$ cat start00.cif   # mmCIF, C-alpha atoms
data_work
#
loop_
_atom_site.group_PDB
_atom_site.id
_atom_site.type_symbol
_atom_site.label_atom_id
_atom_site.label_comp_id
_atom_site.auth_asym_id
_atom_site.auth_seq_id
_atom_site.Cartn_x
_atom_site.Cartn_y
_atom_site.Cartn_z
ATOM 1 C CA MET A 223 -9.486 15.996 -6.981
ATOM 2 C CA LYS A 224 -9.920 13.351 -4.298
ATOM 3 C CA VAL A 225 -7.070 10.862 -4.032
ATOM 4 C CA TYR A 226 -7.648 7.586 -2.181
ATOM 5 C CA PHE A 227 -4.908 5.317 -0.861
ATOM 6 C CA ILE A 228 -6.337 1.983 0.293
ATOM 7 C CA ARG A 229 -4.548 -1.105 1.560
ATOM 8 C CA HIS A 230 -5.504 -4.603 0.445
ATOM 9 C CA GLY A 231 -7.477 -6.973 2.666
ATOM 10 C CA GLU A 232 -5.999 -9.511 5.039
ATOM 11 C CA THR A 233 -3.994 -12.533 3.872
ATOM 12 C CA GLU A 234 -2.755 -15.517 5.838
ATOM 13 C CA TYR A 235 0.691 -13.935 5.738
ATOM 14 C CA ASN A 236 -0.724 -10.788 7.348
ATOM 15 C CA LYS A 237 -2.341 -12.837 10.074
ATOM 16 C CA GLU A 238 0.895 -14.738 10.702
ATOM 17 C CA ARG A 239 2.926 -11.516 10.392
ATOM 18 C CA ARG A 240 5.084 -12.875 7.592
ATOM 19 C CA TYR A 241 6.902 -10.662 5.137
ATOM 20 C CA GLN A 242 4.970 -10.909 1.867
ATOM 21 C CA GLY A 243 6.796 -8.527 -0.407
ATOM 22 C CA ASN A 244 6.345 -9.638 -4.002
ATOM 23 C CA ARG A 245 5.042 -13.102 -3.196
ATOM 24 C CA ASP A 246 1.663 -13.326 -4.901
ATOM 25 C CA ILE A 247 -0.334 -14.238 -1.820
ATOM 26 C CA PRO A 248 -4.154 -14.183 -2.172
ATOM 27 C CA LEU A 249 -6.610 -12.816 0.353
ATOM 28 C CA SER A 250 -7.581 -15.332 3.008
ATOM 29 C CA GLU A 251 -11.203 -16.431 3.195
ATOM 30 C CA GLU A 252 -11.435 -14.609 6.503
ATOM 31 C CA GLY A 253 -9.900 -11.535 4.906
ATOM 32 C CA LYS A 254 -12.518 -11.565 2.135
ATOM 33 C CA LYS A 255 -15.354 -11.835 4.652
ATOM 34 C CA LYS A 256 -14.046 -8.872 6.616
ATOM 35 C CA LEU A 257 -14.268 -6.535 3.621
ATOM 36 C CA ARG A 258 -17.400 -4.650 2.622
ATOM 37 C CA GLN A 259 -18.303 -2.847 -0.568
ATOM 38 C CA ALA A 260 -17.161 0.764 -0.556
ATOM 39 C CA ASP A 261 -19.542 3.689 -0.173
ATOM 40 C CA PHE A 262 -18.650 5.119 -3.593
ATOM 41 C CA SER A 263 -18.157 3.638 -7.048
ATOM 42 C CA PRO A 264 -15.144 4.868 -9.040
ATOM 43 C CA ALA A 265 -14.919 4.026 -12.737
ATOM 44 C CA ILE A 266 -11.219 3.128 -12.460
ATOM 45 C CA VAL A 267 -9.096 1.696 -9.648
ATOM 46 C CA TYR A 268 -5.310 1.419 -9.831
ATOM 47 C CA VAL A 269 -3.852 -1.766 -8.357
ATOM 48 C CA SER A 270 -0.485 -3.476 -8.184
ATOM 49 C CA ALA A 271 0.380 -6.589 -10.163
ATOM 50 C CA LEU A 272 -0.133 -8.735 -7.041
ATOM 51 C CA ARG A 273 -3.461 -10.507 -6.733
ATOM 52 C CA ARG A 274 -4.295 -9.424 -3.201
ATOM 53 C CA THR A 275 -4.909 -5.898 -4.489
ATOM 54 C CA SER A 276 -7.140 -6.890 -7.413
ATOM 55 C CA GLU A 277 -9.062 -9.325 -5.200
ATOM 56 C CA THR A 278 -9.680 -6.537 -2.709
ATOM 57 C CA ALA A 279 -10.724 -4.147 -5.466
ATOM 58 C CA SER A 280 -13.257 -6.650 -6.811
ATOM 59 C CA ILE A 281 -14.982 -6.667 -3.417
ATOM 60 C CA LEU A 282 -14.781 -2.954 -2.631
ATOM 61 C CA PHE A 283 -15.435 -1.712 -6.163
ATOM 62 C CA PRO A 284 -17.156 -4.492 -8.141
ATOM 63 C CA GLU A 285 -18.018 -2.242 -11.110
ATOM 64 C CA ALA A 286 -14.608 -0.617 -11.516
ATOM 65 C CA VAL A 287 -12.110 -1.164 -14.311
ATOM 66 C CA LEU A 288 -8.773 -2.201 -12.793
ATOM 67 C CA ARG A 289 -5.571 -0.674 -14.141
ATOM 68 C CA ILE A 290 -2.455 -2.572 -13.116
ATOM 69 C CA ASP A 291 0.828 -0.780 -12.440
ATOM 70 C CA PRO A 292 3.683 -3.037 -11.238
ATOM 71 C CA GLY A 293 5.341 0.075 -9.832
ATOM 72 C CA LEU A 294 2.757 -0.165 -7.053
ATOM 73 C CA ASN A 295 4.010 -3.600 -5.975
ATOM 74 C CA GLU A 296 5.108 -4.023 -2.380
ATOM 75 C CA MET A 297 8.787 -3.747 -1.476
ATOM 76 C CA ARG A 298 10.887 -6.733 -2.519
ATOM 77 C CA PHE A 299 12.117 -8.293 0.717
ATOM 78 C CA GLY A 300 14.159 -10.975 -1.043
ATOM 79 C CA ALA A 301 15.385 -13.675 1.346
ATOM 80 C CA PHE A 302 13.095 -12.398 4.106
ATOM 81 C CA GLU A 303 9.868 -13.114 2.226
ATOM 82 C CA GLY A 304 7.705 -15.855 3.700
ATOM 83 C CA ARG A 305 9.367 -15.574 7.111
ATOM 84 C CA THR A 306 8.453 -13.837 10.360
ATOM 85 C CA ALA A 307 10.638 -11.602 12.480
ATOM 86 C CA ASP A 308 10.708 -14.288 15.189
ATOM 87 C CA GLU A 309 11.896 -16.902 12.702
ATOM 88 C CA MET A 310 14.742 -14.609 11.676
ATOM 89 C CA ALA A 311 15.729 -13.485 15.163
ATOM 90 C CA ASP A 312 19.115 -15.226 14.846
ATOM 91 C CA ASP A 313 19.645 -14.487 11.136
ATOM 92 C CA PRO A 314 22.667 -12.132 10.865
ATOM 93 C CA ALA A 315 21.387 -10.566 7.631
ATOM 94 C CA TYR A 316 18.007 -9.790 9.138
ATOM 95 C CA ARG A 317 19.497 -8.463 12.366
ATOM 96 C CA ASP A 318 21.810 -6.186 10.383
ATOM 97 C CA TRP A 319 18.876 -4.913 8.285
ATOM 98 C CA VAL A 320 16.836 -4.109 11.390
ATOM 99 C CA ALA A 321 19.868 -2.483 13.033
ATOM 100 C CA HIS A 322 19.977 -0.113 10.052
ATOM 101 C CA ASP A 323 16.291 0.788 10.534
ATOM 102 C CA CYS A 324 15.271 -1.426 7.589
ATOM 103 C CA GLU A 325 16.771 1.148 5.218
ATOM 104 C CA THR A 326 19.441 -1.011 3.595
ATOM 105 C CA ARG A 327 19.038 -3.561 0.820
ATOM 106 C CA CYS A 328 17.379 -6.848 1.733
ATOM 107 C CA PRO A 329 19.394 -9.845 0.493
ATOM 108 C CA GLY A 330 18.007 -10.450 -2.990
ATOM 109 C CA GLY A 331 15.575 -7.554 -2.579
ATOM 110 C CA GLU A 332 15.378 -3.752 -2.496
ATOM 111 C CA ASP A 333 16.656 -1.023 -0.242
ATOM 112 C CA LYS A 334 14.156 1.496 1.062
ATOM 113 C CA GLU A 335 15.307 4.423 -1.103
ATOM 114 C CA THR A 336 15.055 2.408 -4.327
ATOM 115 C CA PHE A 337 11.624 1.240 -3.261
ATOM 116 C CA ARG A 338 10.507 4.784 -2.420
ATOM 117 C CA LYS A 339 11.612 6.135 -5.807
ATOM 118 C CA ARG A 340 9.826 3.333 -7.656
ATOM 119 C CA VAL A 341 6.590 3.832 -5.738
ATOM 120 C CA CYS A 342 6.568 7.618 -5.989
ATOM 121 C CA ALA A 343 7.187 7.428 -9.740
ATOM 122 C CA ALA A 344 4.188 5.099 -10.046
ATOM 123 C CA VAL A 345 1.954 7.426 -8.027
ATOM 124 C CA GLU A 346 3.041 10.359 -10.179
ATOM 125 C CA ARG A 347 2.107 8.373 -13.317
ATOM 126 C CA VAL A 348 -1.288 7.498 -11.903
ATOM 127 C CA ILE A 349 -2.120 11.066 -10.887
ATOM 128 C CA ALA A 350 -0.904 12.461 -14.217
ATOM 129 C CA GLU A 351 -3.144 10.010 -16.065
ATOM 130 C CA SER A 352 -6.120 10.984 -13.914
ATOM 131 C CA ILE A 353 -5.508 14.648 -14.721
ATOM 132 C CA ARG A 354 -5.235 13.953 -18.453
ATOM 133 C CA GLU A 355 -8.517 12.043 -18.339
ATOM 134 C CA ASP A 356 -10.133 14.848 -16.328
ATOM 135 C CA ARG A 357 -11.231 12.577 -13.490
ATOM 136 C CA GLN A 358 -12.342 13.978 -10.158
ATOM 137 C CA GLU A 359 -11.100 11.045 -8.094
ATOM 138 C CA THR A 360 -8.148 8.696 -8.148
ATOM 139 C CA VAL A 361 -8.176 5.399 -6.256
ATOM 140 C CA ILE A 362 -4.894 3.610 -5.559
ATOM 141 C CA LEU A 363 -5.379 0.208 -3.940
ATOM 142 C CA ALA A 364 -2.002 -1.153 -2.962
ATOM 143 C CA HIS A 365 0.148 -2.316 -0.050
ATOM 144 C CA GLY A 366 1.145 -1.053 3.370
ATOM 145 C CA GLY A 367 4.687 -0.191 2.329
ATOM 146 C CA VAL A 368 3.502 1.501 -0.852
ATOM 147 C CA ILE A 369 1.093 3.710 1.066
ATOM 148 C CA MET A 370 3.677 4.622 3.695
ATOM 149 C CA ALA A 371 6.392 5.400 1.137
ATOM 150 C CA SER A 372 4.008 7.529 -0.941
ATOM 151 C CA LEU A 373 2.537 9.516 1.896
ATOM 152 C CA GLU A 374 5.820 10.156 3.679
ATOM 153 C CA VAL A 375 6.740 12.106 0.526
ATOM 154 C CA PHE A 376 3.399 13.495 -0.704
ATOM 155 C CA GLY A 377 1.057 13.548 2.299
ATOM 156 C CA ASN A 378 0.079 16.420 4.581
ATOM 157 C CA PRO A 379 0.204 16.854 7.500
ATOM 158 C CA ARG A 380 3.763 15.589 7.482
ATOM 159 C CA ARG A 381 4.218 12.248 9.200
ATOM 160 C CA VAL A 382 7.062 9.766 9.409
ATOM 161 C CA PHE A 383 6.951 6.569 7.375
ATOM 162 C CA TYR A 384 5.386 4.146 9.874
ATOM 163 C CA ASP A 385 2.744 6.626 11.012
ATOM 164 C CA TRP A 386 1.042 6.266 7.630
ATOM 165 C CA LEU A 387 0.422 2.505 7.941
ATOM 166 C CA PRO A 388 -3.308 1.676 7.724
ATOM 167 C CA GLY A 389 -4.868 -1.641 8.685
ATOM 168 C CA ASN A 390 -5.930 -4.125 6.041
ATOM 169 C CA GLY A 391 -8.857 -2.650 4.128
ATOM 170 C CA GLY A 392 -8.080 0.779 5.575
ATOM 171 C CA GLY A 393 -6.644 3.913 4.089
ATOM 172 C CA TYR A 394 -6.913 7.647 3.544
ATOM 173 C CA VAL A 395 -8.664 10.244 1.411
ATOM 174 C CA PHE A 396 -6.765 13.364 0.314
ATOM 175 C CA GLU A 397 -7.753 16.587 -1.407
ATOM 176 C CA TYR A 398 -5.487 17.616 -4.259
ATOM 177 C CA ASP A 399 -5.367 20.681 -6.479
ATOM 178 C CA PRO A 400 -3.948 19.481 -9.830
ATOM 179 C CA GLY A 401 -2.405 22.897 -10.354
ATOM 180 C CA LYS A 402 -0.091 22.395 -7.382
ATOM 181 C CA PRO A 403 2.854 20.033 -6.684
ATOM 182 C CA LEU A 404 1.910 16.508 -5.699
ATOM 183 C CA ASN A 405 3.462 16.935 -2.262
ATOM 184 C CA THR A 406 0.550 19.207 -1.338
ATOM 185 C CA LEU A 407 -1.886 16.306 -0.877
ATOM 186 C CA GLN A 408 -4.013 17.314 2.115
ATOM 187 C CA LEU A 409 -5.490 14.628 4.356
ATOM 188 C CA SER A 410 -9.286 14.753 4.428
ATOM 189 C CA ARG A 411 -10.126 11.649 6.462
ATOM 190 C CA GLU A 412 -9.124 8.125 7.331
ATOM 191 C CA LEU A 413 -11.361 5.312 6.185
ATOM 192 C CA SER A 414 -11.861 1.585 6.509
ATOM 193 C CA TYR A 415 -13.721 -1.027 4.543
ATOM 194 C CA ALA A 416 -12.837 -3.818 6.964
ATOM 195 C CA SER A 417 -14.815 -4.997 9.965
ATOM 196 C CA ASP A 418 -11.878 -4.870 12.386
ATOM 197 C CA PHE A 419 -9.853 -1.818 11.381
ATOM 198 C CA VAL A 420 -6.727 -1.587 13.514
ATOM 199 C CA LYS A 421 -3.824 0.734 12.775
ATOM 200 C CA MET A 422 -0.752 -1.414 13.379
ATOM 201 C CA LYS A 423 2.728 -0.001 13.778
ATOM 202 C CA ILE A 424 4.585 -3.100 12.614
ATOM 203 C CA GLN A 425 7.092 -3.793 9.890
ATOM 204 C CA PHE A 426 5.538 -2.971 6.540
ATOM 205 C CA ARG A 427 4.264 -5.945 4.563
#

$ encode --input "start00.cif" --output "structure tokens"
Amino acid sequence: MKVYFIRHGETEYNKERRYQGNRDIPLSEEGKKKLRQADFSPAIVYVSALRRTSETASILFPEAVLRIDPGLNEMRFGAFEGRTADEMADDPAYRDWVAHDCETRCPGGEDKETFRKRVCAAVERVIAESIREDRQETVILAHGGVIMASLEVFGNPRRVFYDWLPGNGGGYVFEYDPGKPLNTLQLSRELSYASDFVKMKIQFR
């Protein structure tokens, strides 16, 4: 089975480097123009409950049926959502969060471990459904944090969290043997469906 992890296209928040989290921010007009239709046509694409993923899917995979799983939503950044790192430079809560490597709970949001468990459970559900339906490919179109959290656990070769961050419209293809544990996903290639693919090592959004 081929398993695709693809990040949504660019939003104004991405461009301004604002934490989006669970704010339902749409793709920007520029972000839509940067995307191109994918070079394959899956019957089903799994997306989060946030519109930037379904909007991206409608451009990349116009014929696909979209299946929404809220477990694939981005991390909840709580009080940090809608703000940039520069705007929060003097915010004690933000400085404390960064000092703890962004692992602790955001005020009004999630901690990284809770987020990771939620995301991995969603990916497991998606893959199990694909196996039951005897599909040869699974496409997950989600968020930067979702992709990083998933692949830090399931992806091979082993990489740390931030090393799995693709650019907007970018992602990865993995080979997976359904008879083996999910943490045996083997990277096949990186991909991009955006005109200016850049792998950015920034805070996940």

$ closest_atom_pairs --input "start00.cif" --of "segment 398-421 of chain A" --to "segment 363-373 of chain A" --cutoff "12 Å" --atoms "all atoms listed in the file" --output "tab-separated table"
residue	atom	partner	partner_atom	distance
A:Leu404	CA	A:Leu373	CA	10.3
A:Asn405	CA	A:Leu373	CA	8.6
A:Thr406	CA	A:Leu373	CA	10.4
A:Leu407	CA	A:Leu373	CA	8.6
A:Gln408	CA	A:Leu373	CA	10.2
A:Leu409	CA	A:Leu373	CA	9.8
A:Tyr415	CA	A:Leu363	CA	12.0
A:Lys421	CA	A:Gly366	CA	10.8

$ resolve_selection --input "start00.cif" --expression "the PyMOL selection byres ((chain A and resi 299) around 9)" --output "JSON, numbers by chain"
{"A": [241, 242, 243, 244, 296, 297, 298, 300, 301, 302, 303, 327, 328, 329, 330, 331, 332, 333]}

$ closest_residue --input "start00.cif" --among "A:Ala311, A:Val382, A:Ile281, A:Ile349" --to "Lys256 of chain A" --atoms "only C-alpha atoms"
A:Ile281

$ resolve_selection --input "start00.cif" --expression "the PyMOL selection byres ((chain A and resi 273-275) around 12)" --output "MDAnalysis selection string"
chainID A and resid 227:236 242:251 253:254 267:272 276:283 288:292 294:296 361:366 368 390:391

$ atom_distance --input "start00.cif" --atom1 "atom CA of Pro284 of chain A" --atom2 "atom CA of Ala260 of chain A"
9.2 Å
